[in-house]
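Participant: Provided below: data-v3.csv, containing CSV, C-alpha atoms.
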chain,number,residue,atom,x,y,z
A,226,ARG,CA,12.0,78.4,-2.2
A,227,SER,CA,9.1,80.4,-3.4
A,228,GLU,CA,6.0,82.1,-2.2
A,229,ASP,CA,3.6,79.5,-3.6
A,230,SER,CA,5.2,76.3,-2.4
A,231,ILE,CA,6.0,74.3,0.7
A,232,THR,CA,8.9,71.8,0.7
A,233,VAL,CA,8.6,68.7,3.0
A,234,THR,CA,11.7,66.6,3.9
A,235,LEU,CA,10.9,62.8,4.4
A,236,GLN,CA,12.5,59.4,4.5
A,237,LEU,CA,11.3,56.0,3.4
A,238,ASP,CA,12.5,52.7,4.8
A,239,GLU,CA,12.2,50.7,1.6
A,240,PRO,CA,11.6,51.3,-2.1
A,241,GLY,CA,8.3,53.0,-2.9
A,242,THR,CA,6.7,56.3,-3.7
A,243,ALA,CA,5.8,59.1,-1.2
A,244,TYR,CA,3.1,61.8,-1.9
A,245,CYS,CA,2.3,65.0,-0.2
A,246,ARG,CA,-0.7,67.5,-0.5
A,247,ALA,CA,-1.4,70.8,1.2
A,248,TYR,CA,-4.9,71.6,2.5
A,249,PRO,CA,-6.0,75.1,3.8
A,250,SER,CA,-7.6,73.3,6.8
A,251,ALA,CA,-6.3,70.7,9.3
A,252,ASP,CA,-9.5,68.8,8.4
A,253,PRO,CA,-9.3,68.2,4.6
A,254,GLY,CA,-13.0,67.3,4.6
A,255,SER,CA,-12.6,63.6,4.0
A,256,VAL,CA,-13.6,61.3,6.7
A,257,ASP,CA,-11.5,58.5,5.3
A,258,LEU,CA,-8.5,60.4,3.8
A,259,ASN,CA,-6.4,57.9,1.8
A,260,ILE,CA,-3.3,57.8,-0.3
A,261,THR,CA,-5.4,58.4,-3.5
A,262,ASP,CA,-6.7,61.7,-2.1
A,263,VAL,CA,-3.1,62.8,-1.4
A,264,ALA,CA,-1.7,61.6,-4.7
A,265,ASP,CA,-4.6,63.2,-6.7
A,266,ALA,CA,-3.6,66.8,-5.6
A,267,ALA,CA,-4.5,69.5,-8.1
A,268,GLY,CA,-1.5,70.3,-10.1
A,269,GLY,CA,0.3,67.2,-8.8
A,270,PRO,CA,1.1,64.5,-8.0
A,271,PHE,CA,3.7,65.9,-5.7
A,272,SER,CA,5.8,62.9,-5.2
A,273,PHE,CA,9.2,61.2,-4.9
A,274,GLU,CA,10.0,57.7,-6.0
A,275,LEU,CA,12.7,55.8,-4.0
A,276,PRO,CA,14.0,53.2,-6.4
A,277,SER,CA,15.3,49.7,-5.6
A,278,ASP,CA,18.9,49.1,-6.3
A,279,SER,CA,19.0,45.4,-5.6
A,280,ALA,CA,18.1,42.3,-7.6
A,281,MET,CA,16.0,41.3,-4.6
A,282,LYS,CA,13.9,44.4,-5.1
A,283,GLN,CA,13.3,44.9,-1.4
A,284,TYR,CA,16.3,47.0,-0.5
A,285,SER,CA,17.7,50.3,-1.4
A,286,ALA,CA,20.9,52.1,-0.5
A,287,PHE,CA,18.8,55.3,-0.5
A,288,ALA,CA,16.5,54.1,2.3
A,289,TYR,CA,16.6,56.2,5.5
A,290,ARG,CA,18.0,59.2,3.6
A,291,ASN,CA,16.3,62.6,3.4
A,292,PHE,CA,14.5,63.6,0.2
A,293,GLU,CA,12.3,66.5,-0.5
A,294,ILE,CA,8.8,66.9,-2.0
A,295,THR,CA,7.8,70.4,-3.0
A,296,VAL,CA,4.0,71.1,-3.2
A,297,THR,CA,3.4,74.0,-5.5
A,298,GLY,CA,0.4,76.1,-6.7
A,299,LEU,CA,-0.3,77.5,-3.2
A,300,SER,CA,-1.3,81.1,-2.3
A,301,ARG,CA,1.3,83.2,-0.4
A,302,GLU,CA,0.9,84.0,3.3
A,303,VAL,CA,-1.7,81.2,3.8
A,304,LEU,CA,-1.7,78.6,6.5
A,305,TYR,CA,-1.6,75.1,5.0
A,306,PHE,CA,-1.7,71.7,6.5
A,307,VAL,CA,0.4,69.2,4.6
A,308,TYR,CA,-0.5,65.5,4.5
A,309,CYS,CA,2.0,62.9,3.2
A,310,ALA,CA,1.5,59.2,2.5
A,311,ALA,CA,3.5,56.5,0.8
A,312,GLU,CA,3.2,53.1,-0.8
A,313,ASP,CA,5.9,50.5,-1.4
A,314,ASP,CA,6.6,49.0,-4.8
A,315,GLU,CA,5.6,45.4,-4.0
A,316,ALA,CA,3.0,45.2,-6.8
A,317,GLU,CA,5.7,46.3,-9.3
A,318,ASP,CA,8.7,44.4,-8.1
A,319,GLY,CA,8.1,42.5,-4.9
A,320,CYS,CA,5.4,40.1,-6.2
A,321,LEU,CA,7.9,38.5,-8.5
A,322,GLN,CA,10.1,37.6,-5.5
A,323,ARG,CA,7.4,35.8,-3.6
A,324,ASP,CA,5.9,32.3,-3.8
A,325,PRO,CA,2.3,32.8,-5.1
A,326,SER,CA,1.1,30.2,-2.6
A,327,ASP,CA,2.1,32.6,0.3
A,328,ASP,CA,-0.4,35.2,-0.9
A,329,PRO,CA,-2.1,35.0,-4.2
A,330,TYR,CA,-3.2,38.6,-3.9
A,331,CYS,CA,-0.3,40.9,-4.4
A,332,SER,CA,-0.4,44.7,-4.4
A,333,SER,CA,1.5,47.6,-3.0
A,334,ASN,CA,1.1,48.3,0.7
A,335,GLU,CA,-0.2,51.8,1.3
A,336,ALA,CA,0.4,53.9,4.4
A,337,ASN,CA,-2.4,56.1,5.8
A,338,PRO,CA,-1.8,59.9,5.2
A,339,LEU,CA,-0.3,61.7,8.1
A,340,LEU,CA,-0.4,65.3,9.0
A,341,VAL,CA,3.2,66.6,8.8
A,342,GLU,CA,2.9,69.5,11.3
A,343,ALA,CA,-0.1,69.8,13.7
A,344,ASP,CA,0.2,73.6,13.7
A,345,GLY,CA,0.4,73.9,9.9
A,346,ARG,CA,2.9,75.9,8.0
A,347,TYR,CA,2.6,79.3,6.4
A,348,THR,CA,3.7,80.0,2.8
A,349,LEU,CA,6.2,82.8,2.5
A,350,ASP,CA,5.7,86.4,1.3
A,351,LEU,CA,9.0,87.3,-0.4
A,352,THR,CA,7.6,90.4,-2.1
A,353,PRO,CA,9.4,93.5,-0.8
A,354,PRO,CA,7.2,96.3,0.4
A,355,THR,CA,6.6,99.3,-1.9
A,356,ILE,CA,7.0,102.8,-0.3
A,357,THR,CA,5.3,105.7,-2.0
A,358,ILE,CA,6.1,109.2,-0.9
A,359,LEU,CA,2.8,111.2,-0.6
A,360,ASP,CA,4.1,114.5,0.7
A,361,ALA,CA,7.4,116.0,2.0
A,362,THR,CA,7.3,119.3,4.0
A,363,SER,CA,10.3,121.1,5.4
A,364,GLN,CA,9.4,122.1,9.0
A,365,SER,CA,12.7,123.8,9.7
A,366,GLN,CA,16.3,123.8,8.4
A,367,GLU,CA,17.0,120.6,10.4
A,368,SER,CA,13.7,118.6,9.9
A,369,VAL,CA,11.5,117.3,7.1
A,370,THR,CA,8.1,115.7,7.6
A,371,ILE,CA,7.5,113.0,5.0
A,372,SER,CA,4.1,111.2,4.5
A,373,VAL,CA,4.4,107.8,3.0
A,374,ASN,CA,2.2,104.9,2.0
A,375,ILE,CA,3.6,101.4,2.5
A,376,ASN,CA,2.0,98.6,0.5
Let's see the structure in the file written out as structure tokens.
Facilitator:
Amino acid sequence: RSEDSITVTLQLDEPGTAYCRAYPSADPGSVDLNITDVADAAGGPFSFELPSDSAMKQYSAFAYRNFEITVTGLSREVLYFVYCAAEDDEAEDGCLQRDPSDDPYCSSNEANPLLVEADGRYTLDLTPPTITILDATSQSQESVTISVNIN
């Protein structure tokens, strides 16, 4: 892990792609936050694609298993609110499996973005402190007074 990233652990129940984005506020400023807002994160997209492993294209042995998305490019020691959203791969694979008379319009189904943690999450500060000795004075044979600056 690093000081400028947050890693989120998710699961999908079917083949598709999940996206995450970190905002410095619980309210990202968009009244209608959607999957495109999350996928278009600066420096991103920060995503994970869960592939289908079946000829029927609607199942995956990897469904309901943990995977991670790491959102990078963040500032250290800042409180971020991470939103994640996902879309299935119906437009890519599922439409070919359906009878066109069922639904002539075929596209991927998109989930609304969800706030991962209501309280947010702080990025780390892994930088060790720097101690600078400013002055050292011997007060007696058994004691020393040291003035330091800790950064």
Participant: My list of candidates is A:Tyr347, A:Tyr305, A:Phe292, A:Tyr248. Which is closest to A:Leu235 when distances are computed with only C-alpha atoms?
Facilitator: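 Closest to A:Leu235, using only C-alpha atoms: A:Phe292.
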Participant: My list of candidates is A:Ala243, A:Ile375, A:Leu340, A:Leu299. Which is closest to A:Thr355 when distances are computed with only C-alpha atoms?
Facilitator: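 The closest residue to A:Thr355 is A:Ile375.
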Participant: Could you check the closest approach to A:Ser230 for each of A:Gly269, A:Gly298, A:Pro276, A:Pro249 and tell me which residue wins, using only C-alpha atoms?
Facilitator: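 Distance minimum relative to A:Ser230 lands on A:Gly298.
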Participant: Using all atoms listed in the file, list the residues that have an atom at most 6 Å from (1.3, 69.9, 4.5), coordinates as in the file, as a list of chain:residue names.
Facilitator: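 Within the cut-off we find A:Arg246, A:Ala247, A:Tyr305, A:Phe306, A:Val307, A:Tyr308, A:Val341.
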Participant: Please determine, counting only C-alpha atoms, which residue among A:Thr261, A:Ser277, A:Thr295, A:Ala251 has the shortest atom-to-atom distance to A:Thr348.
Facilitator: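 Of the candidates, the smallest distance to A:Thr348 is held by A:Thr295.
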Participant: What is the atom CA of A:Ala343 to atom CA of A:Cys309 distance in Å?
Facilitator: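 Computed distance, atom CA of A:Ala343 to atom CA of A:Cys309, equals 12.7 Å.
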Participant: Tell me which of A:Val303, A:Ile294, A:Cys245, A:Ile356 sits closest to A:Ala266, counting only C-alpha atoms.
Facilitator: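 Answer, going by the shortest atom-to-atom distance: A:Cys245.
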Participant: Out of A:Leu349, A:Ala267, A:Ala310, A:Ala286, which residue has the shortest atom-to-atom distance to A:Tyr244 when counting all atoms listed in the file?
Facilitator: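 Between A:Leu349, A:Ala267, A:Ala310, A:Ala286, the residue approaching A:Tyr244 most closely is A:Ala310.
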Participant: Record the distance separating atom CA of A:Gly268 and atom CA of A:Asp313, expressed in Å with one decimal.
Facilitator: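 Interatomic distance here is 22.9 Å.
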Participant: What is the atom CA of A:Glu293-atom CA of A:Thr232 distance in Å, reported with one decimal?
Facilitator: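 Between atom CA of A:Glu293 and atom CA of A:Thr232 the gap works out to 6.4 Å.
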Participant: Need the shell around A:Ala336: protein/DNA/RNA residues with any atom at most 8 Å away, counting all atoms listed in the file. Skip same-chain ones fewer than 5 positions apart. Format as an MDAnalysis selection string?
Facilitator: chainID A and resid 260 310:312
Participant: Pick out the residues sitting within 9 Å of A:Tyr289, and hand them over as a tab-separated table (two decimals) with C-alpha atoms, keeping the file's coordinate frame; count all atoms listed in the file, and ignore anything fewer than 4 positions along from it in its own chain.
Facilitator:
chain	number	residue	atom	x	y	z
A	235	LEU	CA	10.90	62.80	4.40
A	236	GLN	CA	12.50	59.40	4.50
A	237	LEU	CA	11.30	56.00	3.40
A	238	ASP	CA	12.50	52.70	4.80
A	239	GLU	CA	12.20	50.70	1.60
